[in-house]
Structures are given as C-alpha cells and as structure tokens.
file start_31.txt (compact mmCIF, C-alpha atoms)
# COMPACT_ATOMS: atom_id res chain seq x y z
CA THR U 358 12.50 -25.39 -11.29
CA VAL U 359 10.05 -27.21 -9.04
CA ARG U 360 6.93 -27.61 -11.15
CA LEU U 361 3.39 -28.41 -10.04
CA THR U 362 1.43 -29.75 -13.03
CA ARG U 363 -2.29 -30.19 -13.54
CA GLY U 364 -4.48 -30.91 -10.55
CA ASP U 365 -4.70 -29.81 -6.95
CA HIS U 366 -1.75 -29.84 -4.57
CA VAL U 367 -2.46 -29.23 -0.85
CA SER U 368 0.43 -28.04 1.28
CA GLY U 369 1.57 -26.39 4.46
CA THR U 370 4.68 -24.22 4.53
CA ILE U 371 7.08 -24.48 1.55
CA VAL U 372 10.60 -23.15 2.18
CA LEU U 373 12.46 -21.87 -0.89
CA ARG U 374 16.24 -22.20 -1.24
CA SER U 375 18.65 -20.22 -3.42
CA GLY U 376 18.44 -20.97 -7.12
CA VAL U 377 14.92 -22.41 -6.97
CA MET U 378 11.93 -21.32 -9.07
CA LEU U 379 8.55 -22.66 -7.92
CA GLU U 380 6.25 -23.02 -10.94
CA VAL U 381 2.52 -23.60 -10.62
CA ALA U 382 1.71 -24.55 -14.19
CA GLU U 383 -1.49 -23.83 -16.09
CA GLY U 384 -4.27 -26.09 -14.84
CA ALA U 385 -2.59 -26.60 -11.46
CA ARG U 386 -3.68 -25.26 -8.08
CA LEU U 387 -1.53 -24.96 -4.99
CA LEU U 388 -4.04 -25.04 -2.13
CA ALA U 389 -3.03 -23.84 1.31
CA SER U 390 -3.74 -26.28 4.12
CA THR U 391 -6.52 -25.14 6.43
CA ASP U 392 -4.75 -26.68 9.45
CA LEU U 393 -2.75 -23.97 11.23
CA GLN U 394 -0.37 -26.62 12.62
CA HIS U 395 0.95 -27.14 9.08
CA TYR U 396 2.55 -23.66 9.25
CA PRO U 397 5.60 -23.80 11.55
CA GLU U 398 6.84 -20.44 12.77
CA HIS U 399 9.77 -18.88 10.93
CA LYS U 400 11.06 -15.95 12.97
CA ALA U 401 13.30 -13.51 11.12
CA ARG U 402 16.96 -13.77 12.03
CA ARG U 403 17.23 -10.00 12.06
CA PRO U 404 14.46 -8.35 14.12
CA THR U 405 12.51 -5.46 12.59
CA VAL U 406 9.45 -3.44 13.52
CA MET U 407 7.52 -5.98 11.46
CA ASP U 408 8.17 -8.56 14.19
CA SER U 409 7.47 -6.35 17.19
CA ASN U 410 4.32 -4.88 15.61
CA MET U 411 2.72 -7.69 13.58
CA GLY U 412 3.96 -10.80 15.37
CA MET U 413 3.30 -12.76 12.17
CA ASN U 414 5.70 -15.65 11.56
CA GLN U 415 3.66 -18.16 9.55
CA SER U 416 3.28 -18.39 5.79
CA LEU U 417 2.58 -20.80 2.95
CA ILE U 418 5.77 -19.91 1.03
CA PHE U 419 8.83 -18.68 2.94
CA ALA U 420 12.35 -17.62 2.02
CA GLU U 421 15.11 -15.88 3.97
CA GLY U 422 18.65 -14.97 2.97
CA CYS U 423 18.31 -16.47 -0.51
CA GLU U 424 19.48 -15.46 -4.00
CA ARG U 425 17.86 -16.11 -7.39
CA ILE U 426 14.48 -17.37 -6.27
CA GLY U 427 11.01 -17.01 -7.69
CA ILE U 428 7.43 -18.09 -8.20
CA CYS U 429 5.89 -18.32 -11.65
CA GLY U 430 3.34 -20.11 -13.80
CA GLN U 431 -0.15 -19.68 -15.18
CA GLY U 432 -1.73 -21.66 -12.34
CA LEU U 433 -3.36 -20.58 -9.07
CA ILE U 434 -2.18 -20.32 -5.48
CA ASP U 435 -5.31 -20.35 -3.30
CA GLY U 436 -4.84 -19.47 0.38
CA ARG U 437 -8.38 -20.62 1.23
CA GLY U 438 -8.17 -17.89 3.85
CA THR U 439 -11.83 -17.39 4.70
CA LYS U 440 -12.92 -16.45 8.19
CA ASP U 441 -14.36 -19.95 8.63
CA ASN U 442 -10.99 -21.56 7.86
CA PHE U 443 -8.82 -18.98 9.65
CA PRO U 444 -10.80 -17.08 12.29
CA GLY U 445 -7.73 -15.55 14.01
CA GLU U 446 -8.58 -12.46 16.04
CA GLU U 447 -8.09 -9.12 14.29
CA THR U 448 -6.22 -6.75 16.59
CA VAL U 449 -4.52 -3.38 16.28
CA GLY U 450 -1.11 -5.09 16.49
CA ALA U 451 -0.55 -8.82 16.07
CA THR U 452 -2.64 -10.98 13.74
CA PRO U 453 -2.52 -14.45 15.34
CA GLY U 454 -3.77 -17.53 13.59
CA ARG U 455 -3.73 -16.19 10.02
CA PRO U 456 -0.66 -16.94 7.85
CA PHE U 457 0.62 -14.89 4.93
CA ILE U 458 0.79 -16.65 1.56
CA ILE U 459 4.26 -15.40 0.52
CA ARG U 460 6.89 -14.07 2.93
CA VAL U 461 10.37 -13.27 1.58
CA ILE U 462 13.05 -11.75 3.85
CA ASP U 463 16.58 -10.49 3.13
CA CYS U 464 16.70 -11.99 -0.36
CA ARG U 465 18.28 -10.87 -3.63
CA ALA U 466 17.19 -11.38 -7.25
CA VAL U 467 13.54 -12.32 -6.62
CA VAL U 468 11.11 -12.89 -9.52
CA ILE U 469 7.32 -13.28 -9.10
CA ARG U 470 5.79 -13.68 -12.56
CA ASP U 471 2.41 -14.47 -14.15
CA ILE U 472 0.96 -16.29 -11.14
CA HIS U 473 -2.64 -16.00 -9.90
CA LEU U 474 -2.98 -15.49 -6.13
CA LYS U 475 -6.27 -15.76 -4.25
CA ASP U 476 -7.69 -15.40 -0.73
CA SER U 477 -4.93 -15.25 1.86
CA PRO U 478 -5.84 -15.60 5.54
CA CYS U 479 -3.94 -12.32 6.10
CA TRP U 480 -1.58 -10.32 3.86
CA MET U 481 -1.10 -11.96 0.49
CA GLN U 482 2.63 -11.29 0.11
CA ASN U 483 5.39 -9.49 1.99
CA TYR U 484 8.90 -8.74 0.68
CA LEU U 485 11.14 -7.38 3.44
CA ASN U 486 14.65 -5.93 2.96
CA CYS U 487 15.09 -7.44 -0.50
CA ASP U 488 17.19 -6.19 -3.44
CA ASP U 489 16.40 -6.59 -7.16
CA LEU U 490 12.74 -7.56 -6.91
CA LEU U 491 10.68 -8.06 -10.09
CA ILE U 492 6.91 -8.57 -9.93
CA ASP U 493 5.44 -8.92 -13.40
CA GLY U 494 2.03 -10.00 -14.67
CA ILE U 495 0.53 -11.27 -11.42
CA HIS U 496 -3.22 -11.36 -10.70
CA VAL U 497 -4.26 -10.99 -7.06
CA GLU U 498 -7.76 -11.41 -5.60
CA ASN U 499 -7.58 -10.98 -1.83
CA GLN U 500 -11.11 -10.55 -0.55
CA ALA U 501 -11.59 -13.26 2.06
CA ASN U 502 -10.61 -12.01 5.53
CA HIS U 503 -9.38 -9.07 7.63
CA ASN U 504 -6.01 -7.46 6.80
CA ASN U 505 -6.21 -8.76 3.22
CA ASP U 506 -3.43 -6.63 1.70
CA GLY U 507 -2.56 -7.38 -1.91
CA LEU U 508 1.18 -6.64 -2.10
CA ASP U 509 3.45 -5.30 0.67
CA ILE U 510 7.02 -4.26 -0.16
CA ASP U 511 9.06 -3.19 2.84
CA SER U 512 12.50 -1.52 2.75
CA CYS U 513 13.40 -2.99 -0.66
CA ARG U 514 15.74 -1.56 -3.30
CA ARG U 515 15.63 -1.75 -7.08
CA VAL U 516 12.02 -2.85 -7.45
CA ILE U 517 9.80 -3.18 -10.53
CA VAL U 518 6.05 -3.89 -10.30
CA ARG U 519 4.39 -4.00 -13.71
CA ASN U 520 1.50 -5.47 -15.75
CA SER U 521 -0.31 -6.60 -12.61
CA PHE U 522 -3.87 -6.58 -11.23
CA ILE U 523 -4.72 -6.44 -7.51
CA ASN U 524 -8.13 -6.38 -5.83
CA ALA U 525 -7.73 -6.33 -2.04
CA GLN U 526 -9.92 -5.90 1.02
CA ASP U 527 -7.12 -3.96 2.75
CA ASP U 528 -4.32 -1.94 1.11
CA ALA U 529 -3.73 -3.09 -2.47
CA MET U 530 -0.18 -1.89 -3.31
CA CYS U 531 1.53 -0.96 -0.05
CA PHE U 532 5.10 0.09 0.69
CA LYS U 533 6.47 0.13 4.24
CA GLY U 534 9.58 1.06 6.20
CA ALA U 535 9.45 -1.44 9.08
CA GLY U 536 12.76 -2.91 7.89
CA GLN U 537 14.33 0.44 8.87
CA ARG U 538 16.43 0.45 5.73
CA LEU U 539 16.48 2.84 2.77
CA ALA U 540 14.03 1.83 0.02
CA GLU U 541 14.82 3.38 -3.35
CA HIS U 542 14.76 3.07 -7.13
CA ILE U 543 11.21 1.79 -7.52
CA LEU U 544 9.12 1.61 -10.71
CA ILE U 545 5.40 0.81 -10.83
CA GLU U 546 3.81 0.75 -14.28
CA ASN U 547 0.91 -0.63 -16.32
CA CYS U 548 -1.04 -1.89 -13.31
CA ALA U 549 -4.52 -1.78 -11.77
CA PHE U 550 -4.90 -1.56 -7.99
CA TYR U 551 -8.31 -1.77 -6.29
CA SER U 552 -8.99 -1.66 -2.57
CA THR U 553 -11.66 -0.81 0.00
CA CYS U 554 -8.85 0.73 2.06
CA ASN U 555 -5.90 2.40 0.24
CA ALA U 556 -5.18 1.53 -3.36
CA LEU U 557 -1.55 2.78 -3.42
CA LYS U 558 0.19 3.60 -0.16
CA PHE U 559 3.34 4.09 1.83
CA GLY U 560 2.69 3.38 5.53
CA THR U 561 1.63 3.02 8.12
CA ASP U 562 4.99 1.66 9.30
CA SER U 563 7.31 4.41 8.11
CA GLN U 564 10.53 3.99 10.06
CA GLY U 565 12.81 3.68 7.01
CA ASP U 566 13.41 6.16 4.19
CA PHE U 567 11.63 5.88 0.82
CA ARG U 568 12.82 7.75 -2.27
CA ASN U 569 13.19 7.80 -6.05
CA VAL U 570 9.81 6.29 -6.92
CA LEU U 571 8.05 6.49 -10.30
CA VAL U 572 4.42 5.41 -10.69
CA ARG U 573 3.04 5.63 -14.24
CA ASN U 574 0.16 4.37 -16.35
CA VAL U 575 -1.81 2.96 -13.44
CA THR U 576 -5.53 2.78 -12.64
CA LEU U 577 -6.45 2.64 -8.97
CA GLY U 578 -9.31 3.13 -6.54
CA GLY U 579 -12.23 1.10 -5.20
CA PRO U 580 -13.54 -2.17 -6.66
CA ALA U 581 -16.13 -1.87 -9.39
CA ALA U 582 -19.59 -3.37 -8.93
CA ASP U 583 -18.61 -6.56 -10.77
CA MET U 584 -15.48 -7.16 -8.64
CA ARG U 585 -15.37 -9.22 -5.47
CA ALA U 586 -15.51 -7.19 -2.24
CA ILE U 587 -16.14 -8.14 1.38
CA ASN U 588 -17.02 -4.53 2.16
CA ARG U 589 -18.89 -2.94 -0.70
CA ARG U 590 -17.57 0.62 -0.55
CA LYS U 591 -15.23 3.07 -2.21
CA ALA U 592 -11.52 3.07 -1.53
CA ASP U 593 -10.62 5.08 1.54
CA GLY U 594 -7.66 6.59 -0.32
CA GLY U 595 -6.39 6.54 -3.89
CA VAL U 596 -2.73 7.52 -3.47
CA SER U 597 -1.74 7.79 0.21
CA TRP U 598 1.82 8.82 1.08
CA GLU U 599 2.21 8.74 4.88
CA THR U 600 5.17 9.09 7.22
CA VAL U 601 4.54 9.08 10.96
CA ASP U 602 7.47 7.06 12.38
CA GLY U 603 10.45 9.24 11.51
CA GLY U 604 11.09 8.10 7.94
CA ARG U 605 12.03 10.41 5.08
CA LEU U 606 9.84 10.23 1.95
CA GLU U 607 11.10 12.22 -1.02
CA ARG U 608 11.26 12.34 -4.81
CA LEU U 609 7.99 10.52 -5.50
CA LEU U 610 6.40 11.00 -8.95
CA VAL U 611 2.90 9.76 -9.77
CA HIS U 612 2.32 10.28 -13.50
CA ASP U 613 -0.49 9.37 -15.93
CA VAL U 614 -2.76 7.80 -13.34
CA ARG U 615 -6.54 7.32 -13.25
CA ILE U 616 -8.23 7.36 -9.83
CA VAL U 617 -11.80 6.06 -9.52
CA ARG U 618 -14.16 5.34 -6.64
CA ALA U 619 -11.93 6.84 -3.91
CA GLU U 620 -13.24 8.93 -1.02
CA SER U 621 -9.93 10.85 -0.91
CA PRO U 622 -8.11 10.46 -4.25
CA LEU U 623 -4.93 12.11 -2.91
CA PHE U 624 -3.71 12.01 0.70
CA LEU U 625 -0.46 13.23 2.25
CA ARG U 626 0.18 12.86 5.97
CA LEU U 627 3.24 13.85 8.01
CA GLY U 628 2.67 12.85 11.63
CA ASP U 629 4.60 12.12 14.80
CA ARG U 630 3.63 8.67 16.09
CA GLY U 631 7.23 7.47 16.43
CA ARG U 632 6.62 3.72 16.54
CA VAL U 633 9.88 1.73 16.52
CA ARG U 634 11.12 -1.46 18.17
CA PRO U 635 10.64 -1.50 21.97
CA GLU U 636 14.36 -1.16 22.72
CA GLN U 637 14.83 1.80 20.36
CA LYS U 638 14.59 5.49 21.12
CA ARG U 639 11.47 7.20 19.85
CA PRO U 640 12.26 9.32 16.77
CA GLY U 641 10.87 12.73 15.99
CA PRO U 642 8.76 13.48 12.91
CA GLY U 643 10.24 12.50 9.56
CA THR U 644 10.24 14.32 6.23
CA LEU U 645 7.72 14.36 3.38
CA ARG U 646 8.90 16.43 0.43
CA HIS U 647 9.45 16.68 -3.32
CA ILE U 648 6.15 15.04 -4.29
CA VAL U 649 4.70 15.33 -7.80
CA PHE U 650 1.21 14.36 -9.00
CA ASP U 651 1.17 14.83 -12.78
CA ARG U 652 -1.65 14.12 -15.27
CA ILE U 653 -4.08 12.61 -12.78
CA ARG U 654 -7.67 12.09 -13.88
CA GLY U 655 -10.68 10.14 -12.66
CA ASP U 656 -14.35 10.07 -11.79
CA ASP U 657 -16.94 8.48 -9.50
CA ASN U 658 -14.93 9.55 -6.46
CA GLY U 659 -16.48 10.16 -3.05
CA MET U 660 -17.39 13.28 -1.13
CA ARG U 661 -14.64 13.47 1.49
CA GLY U 662 -12.10 15.30 -0.69
CA SER U 663 -8.31 15.10 -0.91
CA PHE U 664 -6.19 16.61 1.82
CA PHE U 665 -2.57 17.17 2.78
CA THR U 666 -1.59 17.81 6.40
CA GLY U 667 1.58 17.97 8.43
CA VAL U 668 1.96 19.14 12.02
CA SER U 669 2.73 22.61 13.29
CA TRP U 670 6.29 21.73 14.23
CA LYS U 671 7.09 19.87 10.97
CA GLN U 672 5.56 20.69 7.62
CA ILE U 673 5.24 18.87 4.30
CA GLU U 674 7.52 20.51 1.71
CA GLN U 675 7.53 21.12 -2.04
CA VAL U 676 4.50 19.41 -3.58
CA LEU U 677 3.40 19.93 -7.20
CA LEU U 678 0.00 19.08 -8.68
CA ARG U 679 -0.05 19.50 -12.46
CA ASP U 680 -2.79 18.73 -14.99
CA ILE U 681 -5.27 17.28 -12.51
CA ASP U 682 -8.91 16.57 -13.43
CA LEU U 683 -10.85 14.67 -10.77
CA ALA U 684 -14.62 14.37 -10.38
CA MET U 685 -16.01 14.25 -6.84
CA ALA U 686 -19.42 13.58 -5.32
CA PRO U 687 -21.22 16.48 -3.60
CA ALA U 688 -21.44 16.45 0.18
CA THR U 689 -24.63 15.04 1.67
CA GLU U 690 -23.83 16.27 5.18
CA ALA U 691 -22.10 19.20 6.83
CA ALA U 692 -18.36 19.50 6.37
CA ALA U 693 -15.88 19.62 9.22
CA GLY U 694 -14.65 23.12 9.98
CA GLN U 695 -10.93 23.75 9.69
CA ASN U 696 -10.57 24.70 13.34
CA ALA U 697 -12.38 21.56 14.45
CA ILE U 698 -9.83 19.23 12.85
CA PRO U 699 -7.17 18.31 15.42
CA GLU U 700 -3.50 17.83 14.56
CA ALA U 701 -3.66 14.34 16.14
CA PRO U 702 0.07 13.75 15.51
CA ALA U 703 0.18 10.24 16.99
CA ASP U 704 -3.07 8.91 15.49
CA TYR U 705 -3.09 6.05 12.99
CA PRO U 706 -2.82 7.76 9.58
CA ASP U 707 -5.64 7.09 7.14
CA PRO U 708 -7.84 9.35 5.00
CA HIS U 709 -10.83 8.68 7.27
CA MET U 710 -8.93 9.83 10.38
CA PHE U 711 -10.66 13.21 10.77
CA ALA U 712 -14.10 13.41 9.18
CA ARG U 713 -16.44 11.96 6.57
CA VAL U 714 -16.54 15.34 4.82
CA MET U 715 -13.45 17.55 4.79
CA PRO U 716 -13.44 21.38 4.44
CA ALA U 717 -12.95 21.42 0.62
CA TYR U 718 -14.55 19.18 -2.00
CA GLY U 719 -11.32 19.16 -4.01
CA LEU U 720 -8.26 19.76 -1.84
CA TRP U 721 -7.69 21.00 1.70
CA ALA U 722 -4.08 21.66 2.77
CA ARG U 723 -2.59 22.46 6.16
CA GLN U 724 1.00 22.73 7.44
CA ILE U 725 2.60 22.49 4.01
CA THR U 726 5.11 24.80 2.30
CA GLY U 727 5.73 25.09 -1.42
CA LEU U 728 2.43 23.65 -2.62
CA THR U 729 1.97 24.51 -6.32
CA LEU U 730 -1.15 23.81 -8.39
CA GLN U 731 -0.89 24.06 -12.19
CA ARG U 732 -3.98 23.45 -14.32
CA VAL U 733 -5.79 21.71 -11.47
CA ARG U 734 -9.53 21.08 -11.56
CA PHE U 735 -11.74 19.24 -9.11
CA ARG U 736 -15.29 18.87 -10.40
CA VAL U 737 -18.30 18.21 -8.21
CA GLY U 738 -21.43 16.55 -9.59
CA GLY U 739 -24.01 18.69 -7.83
CA LYS U 740 -24.38 21.50 -5.31
CA ASP U 741 -21.67 21.72 -2.68
CA ALA U 742 -21.15 24.70 -0.37
CA ARG U 743 -17.48 23.89 0.18
CA PRO U 744 -14.73 25.60 -1.84
CA GLU U 745 -12.82 23.65 -4.46
CA VAL U 746 -9.42 24.34 -2.84
CA LEU U 747 -8.79 25.67 0.67
CA ALA U 748 -5.52 26.50 2.42
CA GLY U 749 -5.54 26.12 6.20
CA ALA U 750 -3.08 27.00 8.94
CA GLY U 751 0.57 26.92 7.91
CA ALA U 752 -0.21 26.30 4.23
CA GLN U 753 1.79 28.10 1.55
CA LEU U 754 -0.11 27.62 -1.70
CA CYS U 755 0.46 28.95 -5.21
CA ARG U 756 -2.24 28.30 -7.82
CA GLN U 757 -1.31 28.83 -11.48
call {"tool": "encode", "arguments": {"input": "start_31.txt", "output": "structure tokens"}}
result
Amino acid sequence: TVRLTRGDHVSGTIVLRSGVMLEVAEGARLLASTDLQHYPEHKARRPTVMDSNMGMNQSLIFAEGCERIGICGQGLIDGRGTKDNFPGEETVGATPGRPFIIRVIDCRAVVIRDIHLKDSPCWMQNYLNCDDLLIDGIHVENQANHNNDGLDIDSCRRVIVRNSFINAQDDAMCFKGAGQRLAEHILIENCAFYSTCNALKFGTDSQGDFRNVLVRNVTLGGPAADMRAINRRKADGGVSWETVDGGRLERLLVHDVRIVRAESPLFLRLGDRGRVRPEQKRPGPGTLRHIVFDRIRGDDNGMRGSFFTGVSWKQIEQVLLRDIDLAMAPATEAAAGQNAIPEAPADYPDPHMFARVMPAYGLWARQITGLTLQRVRFRVGGKDARPEVLAGAGAQLCRQ
C-alpha cells in the first residue's frame, strides 16, 4: 500500500505496478498538476480503436499489464480539470491537451474502492481489456469540462460496479467495445448515475461483443437542481444500448430501475457506421437482441419519448418490456412524422439524433422483431396529440 495521509499532494502521472494499492486516506487530497508537461504519453502496447479514435495517451494514474492493483481510501482525487486549466480543443475524434484521471489497460484483479473523484480534464476513468474488475463505493463528480464521462469500461470481463454515485457532464456509466474483445459477466447494482448526456450506455464504440449483463436497483437520469451541472438540462438518454460498429449485444437485463429527468428514458439503436482501426476491413451491422427492461419506473422525464430503431437490412430482435411505469412531459411543439425520420445508418448514435419530439410520447419502434410489452404504461402530464405507443416500419409488436 502506498498511502497519502492528511494534506494536499500535487502530482503528475503516477504509474502503478503489480501488487500495489494506492490509498488516498481520509483528509488527504491528490491534486492533479495543471501543467500538461507533467503527463508523459503512455501509448498502449496493443493498439485498439481507442487509440485510433481518441488519441488520448495522458493520465494522472496509469497502469498496463498489471495484476492485483487498486485505488482506495476516503480521501479525494481532484483532477482540477476546468477549461481554464485544460483548454484542449474538443473535436469529434481526438481530445488533445486533456488527460484522463485513471487509465488502466490489460490488467487483472483491479479494485477501485471508496474513493472520491472530482473534475477530470476529460474522461474520469477508463478500464480497457481488464479481467476481474471491482468498483465499489466510489463517488464521482465530473462536471468541469467537455467529454466529462464518469466511468468508462471497455471490453472487460467479470465486472462488478456497486454502491456508487456518479454525476457527469457526459456519459455517466458507459460501456464500450473499442478493445474489440468480448465483454461479459457484468453486474451493476445499488448505484445512482446522473448525466446531461446518457446516464447508462453501451457505445458509441461498439466493435466488440457485450453480453450477460445485469443492472438492478439503480437510479439514473439527469442531475437534480441541487447537483452540479455545466449544462443545466435533462439527460439525453436514461438507458441507451447502441451498436453501430459490428458488435453483438445480447442478454442484457435492466431490473428494478428508476429513471428520472431523461428526454428518452429508453433508447435502442442498431446502426451501420462500421468504425474500426484504419487497417481493418469495415464490418457490417452487428446484433442487438435478447434485451429485457423489467420493473422500470420514474417521473419528471422529458417530451422526446423512448424509441427503438434498427435499419431495414438488420433489425433489433427479441425485446421485452415488463411492468413499466414512466411519466413523460407533454410535447410543446409538433412531433416528427414517422416517414420524415431517416434511417441514417452511419450517424453518431444518440437519443437526440432525429428530433426533439418523436412520433410517440411513450415508445416509438421501427425495424424490430419480437417486441413484447407486458403491463407497460407511459403517462403524460398534460395534453399530447401523439399516441402512447406506435409501431413503425418493420416493427413486430405484441402488447399484453
């Protein structure tokens, strides 16, 4: 154990080695240096889409190819990542000049426990191609800059995230497939995820497969009025499962979840962007199937509505909504017509990708087979001319 005791400790990059636990004890603060030169580049030994897409190789805490490592303690890690300290240009691809706080690659037996994390210049933490990852009791406030994700887990196996709080400017709890490796056996429980983008998400990088995921006893959505937020708005999406780069997403269960302050509480997207490493052949569309939303409730959601959409040449398959009770806001402007919504297979997938107001106030579905609704209710708090549920082209829907 390397222990930081009471007081402030300013540092550039810290490199963890196997068998080392970094403890920031109660009353201690690990403060990230605001000098970018204190963050030497650490390029991954094994290239992934993360490298070709993000181009991000700097971080406060870095580990690669290690076993039995961790970060713990009741203290605070403060990235001091404001736009004044780290004004790196926000682009569609690379994010130069803004380090991550934690970046862990190709590691096994990783424990992140009890720590408070605040204000990264970019993503707060990224775990790439790791096995046996435990994240327990962490508190994340990442509302200081662009691309302020809370927790990104990419192509990892045997993962537990529990008893944690995240408030993020960008995606709060985000899974990815840029490592191009199967991610499976994942448990998320007893957490709260808040975001002004997507509260719980897989994507957008979706090159690898993602399966056997259980989410239970979680509250998620947009930040409340008394929470920090750079952009004071609702979450763009509550639960967003997206595959657009050839990955297979299947056997995902979201159970006993409360969704609040989300424009689109539920969002499924199967697209055909096909982004991989430059030297790789472009894949076709992936698979999105065997999805269950069970005992989902919530209120104070926005007016856009939930929607599920594949493409005409590849449909979403076998989705069950059971015991759903979600309150939505009534539309204050005209809704998009079904025929006016393009397939846009290669567009960046996000719930705002088509329109501010979708064709149904509850759920609109297109290019999906085996969609079953059991005891599903979307409530609207006022007059709304849209239907509660609407099936579009290529949708096979059974309501019970």
call {"tool": "closest_residue", "arguments": {"input": "start_31.txt", "among": "U:Ala717, U:Met660, U:Ala750, U:Ile616", "to": "U:Thr689", "atoms": "all atoms listed in the file"}}
result
U:Met660
call {"tool": "atom_distance", "arguments": {"input": "start_31.txt", "atom1": "atom CA of U:Asn520", "atom2": "atom CA of U:Arg608"}}
result
23.1 Å
call {"tool": "atom_distance", "arguments": {"input": "start_31.txt", "atom1": "atom CA of U:Gly595", "atom2": "atom CA of U:Ala501"}}
result
21.3 Å
call {"tool": "closest_residue", "arguments": {"input": "start_31.txt", "among": "U:Ile428, U:Ile462, U:Ala525, U:Leu544", "to": "U:Ile587", "atoms": "only C-alpha atoms"}}
result
U:Ala525
call {"tool": "closest_residue", "arguments": {"input": "start_31.txt", "among": "U:Pro708, U:Ile426, U:Pro642, U:Ser368", "to": "U:Cys554", "atoms": "only C-alpha atoms"}}
result
U:Pro708
call {"tool": "residues_around", "arguments": {"input": "start_31.txt", "residues": "U:Val601", "least_positions_apart": "6", "cutoff": "10 Å", "atoms": "only C-alpha atoms", "output": "PyMOL selection string"}}
result
chain U and resi 560-564+626-632+640-645+667+702-706
call {"tool": "atom_distance", "arguments": {"input": "start_31.txt", "atom1": "atom CA of U:Asp493", "atom2": "atom CA of U:His473"}}
result
11.3 Å
call {"tool": "residues_around", "arguments": {"input": "start_31.txt", "residues": "U:Asp593", "least_positions_apart": "6", "cutoff": "6 Å", "atoms": "only C-alpha atoms", "output": "ChimeraX atom specification"}}
result
/U:554-555,619-620
call {"tool": "closest_residue", "arguments": {"input": "start_31.txt", "among": "U:Ile725, U:Leu417, U:Val746, U:Leu557", "to": "U:Arg646", "atoms": "only C-alpha atoms"}}
result
U:Ile725
call {"tool": "decode", "arguments": {"input": "start_31.txt", "residues": "stretch 691-702 of chain U", "atoms": "C-alpha atoms", "output": "PDB file, in the first residue's frame"}}
result
ATOM      1  CA  ALA U 691     -45.014  19.385 -33.350  1.00  0.00           C
ATOM      2  CA  ALA U 692     -43.736  15.830 -33.419  1.00  0.00           C
ATOM      3  CA  ALA U 693     -41.642  14.391 -36.215  1.00  0.00           C
ATOM      4  CA  GLY U 694     -43.634  12.227 -38.601  1.00  0.00           C
ATOM      5  CA  GLN U 695     -42.570   8.612 -38.964  1.00  0.00           C
ATOM      6  CA  ASN U 696     -41.811   8.969 -42.654  1.00  0.00           C
ATOM      7  CA  ALA U 697     -39.674  12.041 -42.039  1.00  0.00           C
ATOM      8  CA  ILE U 698     -37.230  10.186 -39.789  1.00  0.00           C
ATOM      9  CA  PRO U 699     -34.319   8.882 -41.874  1.00  0.00           C
ATOM     10  CA  GLU U 700     -32.586   5.558 -41.222  1.00  0.00           C
ATOM     11  CA  ALA U 701     -29.244   7.427 -41.005  1.00  0.00           C
ATOM     12  CA  PRO U 702     -27.309   4.164 -40.518  1.00  0.00           C
TER      13      PRO U 702
END
